[in-house]
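Structure file entry-v1.cif with mmCIF, C-alpha atoms:
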data_final
#
loop_
_atom_site.label_atom_id
_atom_site.label_comp_id
_atom_site.auth_asym_id
_atom_site.auth_seq_id
_atom_site.Cartn_x
_atom_site.Cartn_y
_atom_site.Cartn_z
CA MET A 1 -21.04 -142.08 -13.60
CA GLY A 2 -21.40 -138.52 -12.37
CA SER A 3 -17.69 -137.83 -12.82
CA LEU A 4 -17.84 -139.26 -16.35
CA LEU A 5 -20.77 -137.03 -17.30
CA GLY A 6 -19.01 -134.06 -15.73
CA GLU A 7 -15.84 -134.69 -17.71
CA LEU A 8 -17.88 -135.15 -20.89
CA GLY A 9 -19.71 -131.89 -20.24
CA LYS A 10 -16.39 -130.13 -19.67
CA GLN A 11 -15.00 -131.43 -22.95
CA LEU A 12 -18.14 -130.40 -24.83
CA ALA A 13 -17.96 -126.91 -23.30
CA GLU A 14 -14.29 -126.57 -24.27
CA ARG A 15 -15.07 -127.73 -27.79
CA TRP A 16 -18.00 -125.33 -28.03
CA MET A 17 -15.77 -122.46 -26.93
CA ALA A 18 -12.97 -123.36 -29.34
CA LEU A 19 -15.12 -124.02 -32.42
CA LEU A 20 -17.95 -121.51 -32.04
CA VAL A 21 -17.56 -118.83 -29.38
CA LEU A 22 -13.94 -117.73 -29.84
CA PRO A 23 -14.02 -117.46 -33.66
CA GLY A 24 -17.46 -115.86 -33.31
CA ALA A 25 -16.05 -113.29 -30.87
CA LEU A 26 -13.48 -112.32 -33.49
CA LEU A 27 -16.26 -111.79 -36.01
CA VAL A 28 -18.23 -109.69 -33.50
CA ALA A 29 -15.11 -107.60 -32.95
CA ALA A 30 -14.72 -107.14 -36.71
CA LEU A 31 -18.36 -106.09 -37.02
CA THR A 32 -17.87 -103.60 -34.20
CA ALA A 33 -14.82 -102.12 -35.92
CA ALA A 34 -16.74 -102.01 -39.20
CA ARG A 35 -19.65 -100.13 -37.62
CA GLU A 36 -17.45 -97.58 -35.92
CA LEU A 37 -14.77 -97.02 -38.56
CA GLY A 38 -16.36 -97.75 -41.92
CA HIS A 39 -14.38 -97.46 -45.13
CA ALA A 40 -13.27 -93.87 -44.56
CA HIS A 41 -11.45 -94.55 -41.26
CA ALA A 42 -10.75 -98.26 -41.79
CA LEU A 43 -7.29 -98.24 -40.16
CA ASP A 44 -7.80 -95.48 -37.60
CA ALA A 45 -6.90 -97.34 -34.40
CA ALA A 46 -7.05 -94.16 -32.30
CA ARG A 47 -10.65 -93.52 -33.34
CA LEU A 48 -11.61 -97.06 -32.40
CA GLY A 49 -9.80 -96.74 -29.06
CA ASP A 50 -11.73 -93.56 -28.25
CA ARG A 51 -15.02 -95.29 -28.99
CA LEU A 52 -14.10 -98.24 -26.76
CA ASP A 53 -13.14 -95.85 -23.93
CA ALA A 54 -16.48 -94.11 -24.29
CA TRP A 55 -18.33 -97.41 -24.05
CA ALA A 56 -16.29 -98.44 -21.02
CA ALA A 57 -17.28 -95.21 -19.27
CA SER A 58 -20.97 -95.82 -19.92
CA PRO A 59 -23.10 -95.89 -16.74
CA ARG A 60 -24.61 -99.15 -17.92
CA LEU A 61 -21.30 -100.90 -17.25
CA ASP A 62 -20.93 -99.60 -13.71
CA SER A 63 -22.85 -102.56 -12.27
CA PRO A 64 -21.97 -106.27 -12.43
CA GLY A 65 -25.36 -106.89 -13.96
CA GLY A 66 -24.62 -104.56 -16.86
CA VAL A 67 -21.27 -106.23 -17.52
CA ALA A 68 -22.87 -109.67 -17.38
CA LEU A 69 -25.58 -108.55 -19.82
CA VAL A 70 -22.97 -107.31 -22.30
CA LEU A 71 -20.96 -110.52 -22.00
CA LEU A 72 -24.09 -112.58 -22.50
CA ALA A 73 -25.02 -110.60 -25.61
CA VAL A 74 -21.53 -111.02 -27.03
CA GLY A 75 -21.54 -114.74 -26.25
CA LEU A 76 -24.91 -115.29 -27.91
CA ALA A 77 -23.87 -113.28 -30.96
CA ALA A 78 -20.62 -115.25 -31.19
CA ALA A 79 -22.45 -118.57 -30.90
CA GLY A 80 -24.93 -117.49 -33.56
CA ALA A 81 -22.06 -116.55 -35.84
CA GLY A 82 -20.54 -119.98 -35.20
CA LEU A 83 -23.73 -121.73 -36.25
CA ALA A 84 -23.87 -119.56 -39.36
CA ALA A 85 -20.27 -120.47 -40.19
CA GLN A 86 -21.08 -124.17 -39.83
CA GLY A 87 -24.08 -123.77 -42.13
CA LEU A 88 -21.99 -121.97 -44.72
CA GLY A 89 -19.31 -124.63 -44.34
CA SER A 90 -21.85 -127.35 -45.14
CA ALA A 91 -22.90 -125.45 -48.26
CA ILE A 92 -19.27 -125.01 -49.30
CA GLU A 93 -18.63 -128.71 -48.74
CA ARG A 94 -21.52 -129.62 -51.03
CA ALA A 95 -20.11 -127.31 -53.68
CA TRP A 96 -16.54 -128.61 -53.39
CA LEU A 97 -17.44 -132.27 -52.99
CA THR A 98 -20.43 -132.37 -55.33
CA THR A 99 -21.07 -135.76 -56.92
CA GLY A 100 -23.07 -134.40 -59.83
CA THR A 101 -21.83 -133.84 -63.36
CA ARG A 102 -22.73 -130.15 -63.47
CA PRO A 103 -21.44 -127.69 -64.39
CA ARG A 104 -20.63 -129.87 -67.38
CA ARG A 105 -18.33 -127.36 -69.04
CA LEU A 106 -16.05 -127.26 -66.02
CA THR A 107 -15.88 -131.05 -65.94
CA GLU A 108 -15.09 -131.17 -69.66
CA ALA A 109 -12.38 -128.51 -69.30
CA ARG A 110 -10.79 -130.47 -66.47
CA GLY A 111 -10.98 -133.58 -68.62
CA ARG A 112 -9.00 -131.91 -71.41
CA ARG A 113 -6.35 -130.77 -68.94
CA TRP A 114 -6.15 -134.30 -67.54
CA GLU A 115 -5.69 -135.78 -71.02
CA ARG A 116 -2.74 -133.50 -71.69
CA ALA A 117 -1.19 -134.24 -68.28
CA ASN A 118 -1.76 -137.97 -68.73
CA GLU A 119 -0.10 -137.93 -72.14
CA ALA A 120 2.91 -136.14 -70.64
CA TYR A 121 3.07 -138.68 -67.81
CA GLU A 122 2.83 -141.69 -70.13
CA ARG A 123 5.45 -140.20 -72.45
CA ARG A 124 7.83 -139.60 -69.57
CA ARG A 125 7.27 -143.10 -68.19
CA GLU A 126 8.06 -144.58 -71.61
CA GLU A 127 11.23 -142.50 -71.90
CA LEU A 128 12.47 -143.67 -68.50
CA ALA A 129 11.56 -147.30 -69.24
CA GLN A 130 13.47 -147.25 -72.53
CA ALA A 131 16.51 -145.64 -70.90
CA ARG A 132 16.50 -148.26 -68.16
CA ALA A 133 16.19 -151.08 -70.72
CA ARG A 134 19.21 -149.75 -72.62
CA GLY A 135 21.18 -149.22 -69.43
CA GLU A 136 21.45 -145.49 -70.11
CA ALA A 137 21.12 -142.49 -67.84
CA PRO A 138 17.60 -141.04 -67.66
CA PRO A 139 16.97 -138.30 -70.25
CA PRO A 140 16.56 -134.75 -68.96
CA GLY A 141 13.17 -134.12 -67.43
CA PRO A 142 11.13 -134.69 -64.29
CA ALA A 143 11.33 -137.86 -62.24
CA LEU A 144 8.45 -140.28 -62.65
CA GLY A 145 7.06 -139.30 -59.25
CA GLU A 146 7.08 -135.63 -60.24
CA ALA A 147 5.29 -136.41 -63.49
CA ARG A 148 2.68 -138.41 -61.58
CA ALA A 149 2.22 -135.56 -59.10
CA ALA A 150 1.61 -133.15 -61.99
CA LEU A 151 -1.07 -135.51 -63.30
CA GLU A 152 -2.74 -135.91 -59.91
CA ALA A 153 -2.72 -132.13 -59.45
CA VAL A 154 -5.38 -132.15 -62.18
CA SER A 155 -7.14 -135.33 -61.03
CA ALA A 156 -6.17 -138.70 -59.60
CA GLU A 157 -8.37 -140.38 -62.23
CA ARG A 158 -10.10 -139.18 -65.39
CA PRO A 159 -12.29 -136.28 -64.22
CA GLU A 160 -15.96 -137.08 -63.76
CA ARG A 161 -16.81 -134.23 -61.36
CA PRO A 162 -16.59 -130.42 -61.58
CA THR A 163 -13.99 -130.06 -58.80
CA TRP A 164 -10.66 -131.65 -57.88
CA MET A 165 -11.88 -132.56 -54.40
CA ALA A 166 -14.98 -134.32 -55.70
CA ASP A 167 -12.88 -136.36 -58.13
CA ARG A 168 -10.33 -137.16 -55.44
CA LEU A 169 -13.03 -138.66 -53.22
CA ASN A 170 -14.43 -140.52 -56.21
CA ALA A 171 -11.04 -141.97 -57.20
CA PRO A 172 -11.09 -144.89 -54.70
CA ALA A 173 -14.45 -146.06 -56.07
CA VAL A 174 -13.17 -145.84 -59.65
CA ARG A 175 -10.01 -147.81 -58.89
CA LEU A 176 -11.71 -150.51 -56.84
CA ASP A 177 -14.34 -151.02 -59.52
CA ARG A 178 -11.68 -151.20 -62.25
CA GLU A 179 -9.38 -153.58 -60.40
CA TYR A 180 -11.79 -155.72 -58.36
CA ASP A 181 -15.34 -155.17 -59.70
CA LEU A 182 -16.09 -153.83 -56.22
CA ASP A 183 -18.81 -151.20 -55.80
CA LEU A 184 -17.49 -149.09 -52.92
CA GLY A 185 -20.80 -147.30 -52.35
CA THR A 186 -22.52 -150.64 -51.75
CA VAL A 187 -19.77 -152.21 -49.66
CA TRP A 188 -18.64 -149.27 -47.51
CA PRO A 189 -21.42 -149.21 -44.85
CA HIS A 190 -20.88 -152.93 -44.22
CA LEU A 191 -17.10 -152.58 -44.31
CA TRP A 192 -17.21 -149.81 -41.71
CA LEU A 193 -18.76 -152.18 -39.19
CA VAL A 194 -15.90 -154.69 -39.42
CA LEU A 195 -13.02 -152.22 -39.49
CA PRO A 196 -10.64 -152.30 -36.52
CA GLU A 197 -11.11 -149.50 -34.02
CA THR A 198 -7.79 -147.89 -34.98
CA ALA A 199 -8.85 -147.67 -38.63
CA ARG A 200 -12.19 -146.13 -37.74
CA LEU A 201 -10.51 -143.57 -35.50
CA GLU A 202 -8.12 -142.57 -38.29
CA LEU A 203 -10.98 -142.22 -40.77
CA SER A 204 -13.10 -140.23 -38.31
CA ALA A 205 -10.20 -137.89 -37.55
CA ALA A 206 -9.57 -137.32 -41.25
CA ARG A 207 -13.25 -136.58 -41.82
CA GLU A 208 -13.30 -134.15 -38.91
CA THR A 209 -10.26 -132.36 -40.32
CA LEU A 210 -12.11 -131.91 -43.59
CA THR A 211 -15.17 -130.55 -41.75
CA ARG A 212 -13.02 -128.04 -39.87
CA ALA A 213 -11.45 -126.90 -43.13
CA VAL A 214 -14.77 -126.17 -44.84
CA THR A 215 -16.04 -124.47 -41.66
CA LEU A 216 -12.96 -122.23 -41.78
CA ALA A 217 -13.97 -121.28 -45.31
CA GLY A 218 -17.43 -120.50 -43.93
CA TRP A 219 -15.86 -118.12 -41.42
CA GLY A 220 -14.02 -116.54 -44.33
CA LEU A 221 -17.29 -115.82 -46.13
CA LEU A 222 -18.71 -114.18 -43.00
CA HIS A 223 -15.63 -111.97 -42.67
CA ALA A 224 -15.84 -111.14 -46.37
CA ALA A 225 -19.43 -109.97 -45.78
CA VAL A 226 -18.06 -107.52 -43.20
CA GLY A 227 -16.12 -106.04 -46.12
CA ALA A 228 -19.32 -104.35 -47.26
CA LEU A 229 -18.90 -101.99 -44.30
CA TRP A 230 -15.15 -102.18 -43.65
CA TRP A 231 -12.76 -103.09 -46.48
CA PRO A 232 -10.13 -104.89 -44.30
CA GLY A 233 -12.83 -107.50 -43.62
CA LEU A 234 -12.78 -108.40 -47.31
CA LEU A 235 -9.03 -109.05 -47.16
CA VAL A 236 -9.34 -111.14 -44.00
CA GLY A 237 -12.20 -113.09 -45.56
CA ALA A 238 -10.30 -113.79 -48.78
CA VAL A 239 -7.24 -115.07 -46.91
CA THR A 240 -9.41 -117.22 -44.63
CA VAL A 241 -11.34 -118.77 -47.51
CA ALA A 242 -8.09 -119.49 -49.37
CA THR A 243 -6.63 -121.11 -46.25
CA GLY A 244 -9.75 -123.22 -45.79
CA TRP A 245 -9.61 -124.30 -49.42
CA ARG A 246 -5.99 -125.40 -49.18
CA ARG A 247 -6.63 -127.29 -45.96
CA ALA A 248 -9.72 -128.92 -47.46
CA ARG A 249 -7.73 -130.17 -50.46
CA ALA A 250 -5.11 -131.72 -48.18
CA ALA A 251 -7.77 -133.22 -45.91
CA THR A 252 -9.68 -134.61 -48.89
CA ALA A 253 -6.57 -136.32 -50.23
CA THR A 254 -5.83 -137.87 -46.84
CA TYR A 255 -9.42 -139.00 -46.34
CA ALA A 256 -9.60 -140.56 -49.81
CA GLN A 257 -6.31 -142.40 -49.27
CA LEU A 258 -7.55 -143.82 -45.97
CA ILE A 259 -10.85 -144.94 -47.51
CA GLU A 260 -9.04 -146.75 -50.32
CA ALA A 261 -6.51 -148.30 -47.94
CA ALA A 262 -9.27 -149.53 -45.62
CA ALA A 263 -11.15 -151.11 -48.53
CA ARG A 264 -8.07 -152.83 -49.92
CA LEU A 265 -6.94 -154.12 -46.53
CA HIS A 266 -10.22 -155.24 -44.99
CA THR A 267 -12.67 -156.22 -47.75
CA VAL A 268 -11.48 -159.83 -47.57
CA ARG A 269 -12.38 -159.79 -43.87
CA LEU A 270 -15.91 -158.63 -44.74
CA ALA A 271 -16.21 -161.34 -47.41
CA ARG A 272 -15.29 -163.99 -44.83
CA HIS A 273 -17.96 -162.65 -42.48
CA HIS A 274 -20.46 -163.38 -45.25
CA GLY A 275 -19.09 -166.87 -45.85
CA LEU A 276 -17.65 -166.13 -49.30
CA PRO A 277 -14.66 -168.17 -50.49
CA THR A 278 -11.60 -165.93 -50.41
CA THR A 279 -7.86 -165.95 -50.82
CA ALA A 280 -5.36 -164.10 -48.66
CA ARG A 281 -5.74 -160.98 -50.80
CA LEU A 282 -8.60 -159.22 -52.51
CA THR A 283 -9.43 -160.56 -55.98
CA ARG A 284 -11.80 -159.58 -58.75
CA ALA A 285 -14.03 -162.57 -58.04
CA THR A 286 -14.34 -161.65 -54.36
CA GLY A 287 -15.11 -158.03 -55.16
CA TRP A 288 -17.84 -158.95 -57.64
CA GLN A 289 -19.40 -161.63 -55.44
CA LEU A 290 -19.47 -159.35 -52.41
CA THR A 291 -21.01 -156.49 -54.39
CA CYS A 292 -23.75 -158.76 -55.78
CA LEU A 293 -24.45 -160.25 -52.36
CA LEU A 294 -24.76 -156.89 -50.61
CA GLN A 295 -26.98 -155.56 -53.38
CA GLY A 296 -29.29 -158.50 -52.80
CA GLN A 297 -28.33 -160.05 -56.14
CA GLY A 298 -26.04 -162.86 -55.02
CA HIS A 299 -27.69 -165.15 -57.57
CA LEU A 300 -25.99 -163.27 -60.42
CA ILE A 301 -22.70 -165.11 -59.97
CA PRO A 302 -21.96 -168.57 -58.53
CA LEU A 303 -19.75 -168.54 -55.46
CA THR A 304 -17.47 -171.08 -57.13
CA ASP A 305 -16.59 -168.86 -60.11
CA PRO A 306 -12.84 -168.61 -60.68
CA PRO A 307 -11.08 -165.26 -60.17
CA GLY A 308 -11.69 -162.91 -63.07
CA ALA A 309 -15.03 -164.43 -64.03
CA ARG A 310 -17.94 -162.07 -64.53
CA PRO A 311 -21.35 -162.64 -66.09
CA PRO A 312 -22.06 -161.17 -69.52
CA GLY A 313 -23.16 -157.57 -69.29
CA GLY A 314 -22.05 -157.36 -65.65
#
Would you put the structure from the file into structure tokens?
Amino acid sequence: MGSLLGELGKQLAERWMALLVLPGALLVAALTAARELGHAHALDAARLGDRLDAWAASPRLDSPGGVALVLLAVGLAAAGAGLAAQGLGSAIERAWLTTGTRPRRLTEARGRRWERANEAYERRREELAQARARGEAPPPGPALGEARAALEAVSAERPERPTWMADRLNAPAVRLDREYDLDLGTVWPHLWLVLPETARLELSAARETLTRAVTLAGWGLLHAAVGALWWPGLLVGAVTVATGWRRARAATATYAQLIEAAARLHTVRLARHHGLPTTARLTRATGWQLTCLLQGQGHLIPLTDPPGARPPGG
């Protein structure tokens, strides 16, 4: 037991160093350069070197205690910066993954872009279908996959949120409701408990990747704040935020795909746990019955209803 706790403590310490202290140390170094160089001497490496030499020659660093005190101060400052970056990352995540409908104008503008992209996609699909039916070569233009990718670059489904990432996470719920009358928000906590361990590990890893991406954007904002004293910090911050944003988009897409795949593959398993009649694959009747049951409204639909049945106004 002692060896297990020791190994766990070692892993936590390594994780703490990698996620908080080392990136925080870089920020402390940037703040030090900002304080000593400012805007006027932003790229004067010789000036910064002279200042570091002067600090190294300070009598306070002649003793081991003085060195330890400096290292402790740097470590605490780095850890504090790490906590600040995590807090900013959480705020950024709420902004990028917001589930609200505001700002409404942004949502409406994205909706108009999606309509145009969807029309182009449907038109291209019709052109390719007609050419295939006539046995002709496809007309000039993008492949169907490319046209679909252009549509999903705007939104995977009709936009209902202000940001692409929020809509991408909402897309599985929209599709499952449309195809199976399944309310993903109701079913997901129960579904999580019956997922195989491998599926849960994949989902957890994808979620952690998304968290790291938004935390990276948080680090970018902190470096951008250094730009008030030292303009290179603004450049570093902008690049870091942009990198975090790109990684967050990719992580969001992966996470949403895994959520949808898990629901499609394992909802029948959850229905069987609750004693609902099921077929080998998910059906509309199963989705509706399971949603009603988990909402505490199983009386709304008889368990013997045929697939596709749904009560009026449901």
Can you pull out every residue within 12 Å of Ala150 in chain A, counting only C-alpha atoms, but drop anything in the same chain fewer than 6 positions away, and send it as a ChimeraX atom specification?
/A:113-122,124,142-144,156
With distances taken over only C-alpha atoms, which of A:Thr107, A:Arg51, A:Ala225, A:Leu294 is nearest to Pro189 in chain A?
A:Leu294
Can you turn the PyMOL selection byres ((chain A and resi 41-50) around 12) into a concrete residue list for this file, as a list of chain:residue names?
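What the PyMOL selection byres ((chain A and resi 41-50) around 12) grabs from the file is A:Ala29, A:Ala30, A:Leu31, A:Thr32, A:Ala33, A:Ala34, A:Arg35, A:Glu36, A:Leu37, A:Gly38, A:His39, A:Ala40, A:Arg51, A:Leu52, A:Asp53, A:Ala54, A:Trp55, A:Ala56, A:Ala57, A:Val226, A:Gly227, A:Ala228, A:Leu229, A:Trp230, A:Trp231, A:Pro232, A:Gly233, A:Leu234.
Take the candidates A:Val239, A:Ala271, A:Ala77, A:Ala25 and check each one against Thr291 in chain A using all atoms listed in the file; the shortest distance goes to A:Ala271.
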Write out as a VMD selection string each polymer residue whose atoms come within 12 Å of Leu258 in chain A, counting only C-alpha atoms; drop sequence neighbours fewer than 2 positions from it.
chain A and resid 168 to 169 171 to 172 195 198 to 207 251 to 256 260 to 266
Okay, now the selection with C-alpha atoms, as a PDB file, keeping the file's coordinate frame?
ATOM      1  CA  ARG A 168     -10.330-137.160 -55.440  1.00  0.00           C
ATOM      2  CA  LEU A 169     -13.030-138.660 -53.220  1.00  0.00           C
ATOM      3  CA  ALA A 171     -11.040-141.970 -57.200  1.00  0.00           C
ATOM      4  CA  PRO A 172     -11.090-144.890 -54.700  1.00  0.00           C
ATOM      5  CA  LEU A 195     -13.020-152.220 -39.490  1.00  0.00           C
ATOM      6  CA  THR A 198      -7.790-147.890 -34.980  1.00  0.00           C
ATOM      7  CA  ALA A 199      -8.850-147.670 -38.630  1.00  0.00           C
ATOM      8  CA  ARG A 200     -12.190-146.130 -37.740  1.00  0.00           C
ATOM      9  CA  LEU A 201     -10.510-143.570 -35.500  1.00  0.00           C
ATOM     10  CA  GLU A 202      -8.120-142.570 -38.290  1.00  0.00           C
ATOM     11  CA  LEU A 203     -10.980-142.220 -40.770  1.00  0.00           C
ATOM     12  CA  SER A 204     -13.100-140.230 -38.310  1.00  0.00           C
ATOM     13  CA  ALA A 205     -10.200-137.890 -37.550  1.00  0.00           C
ATOM     14  CA  ALA A 206      -9.570-137.320 -41.250  1.00  0.00           C
ATOM     15  CA  ARG A 207     -13.250-136.580 -41.820  1.00  0.00           C
ATOM     16  CA  ALA A 251      -7.770-133.220 -45.910  1.00  0.00           C
ATOM     17  CA  THR A 252      -9.680-134.610 -48.890  1.00  0.00           C
ATOM     18  CA  ALA A 253      -6.570-136.320 -50.230  1.00  0.00           C
ATOM     19  CA  THR A 254      -5.830-137.870 -46.840  1.00  0.00           C
ATOM     20  CA  TYR A 255      -9.420-139.000 -46.340  1.00  0.00           C
ATOM     21  CA  ALA A 256      -9.600-140.560 -49.810  1.00  0.00           C
ATOM     22  CA  GLU A 260      -9.040-146.750 -50.320  1.00  0.00           C
ATOM     23  CA  ALA A 261      -6.510-148.300 -47.940  1.00  0.00           C
ATOM     24  CA  ALA A 262      -9.270-149.530 -45.620  1.00  0.00           C
ATOM     25  CA  ALA A 263     -11.150-151.110 -48.530  1.00  0.00           C
ATOM     26  CA  ARG A 264      -8.070-152.830 -49.920  1.00  0.00           C
ATOM     27  CA  LEU A 265      -6.940-154.120 -46.530  1.00  0.00           C
ATOM     28  CA  HIS A 266     -10.220-155.240 -44.990  1.00  0.00           C
TER      29      HIS A 266
END
At a cut-off of 8 Å, using all atoms listed in the file, what residues contact Val214 in chain A? Leave out same-chain residues fewer than 6 positions from it and give the result as an MDAnalysis selection string.
chainID A and resid 89:90 92:93 244:245 248
For a quick check of understanding, using all atoms listed in the file, which of A:Val21, A:Leu184, A:Ala280, A:Leu235 has the smallest distance to Ala81 in chain A?
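The answer is A:Val21, which sits nearest to Ala81 in chain A.
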One decimal, in Å: what's the spacing between CA of Thr283 in chain A and CA of Ser155 in chain A?
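Calculated distance between CA of Thr283 in chain A and CA of Ser155 in chain A is 25.8 Å.
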Record the distance separating CA of Pro159 in chain A and CA of Gly111 in chain A, expressed in Å with one decimal.
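Result for CA of Pro159 in chain A versus CA of Gly111 in chain A: 5.3 Å, one decimal.
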Carefully work through the PyMOL selection byres ((chain A and resi 128-130) around 12) for this structure and note down the residues it includes, as a VMD selection string.
chain A and resid 121 to 127 131 to 145 147
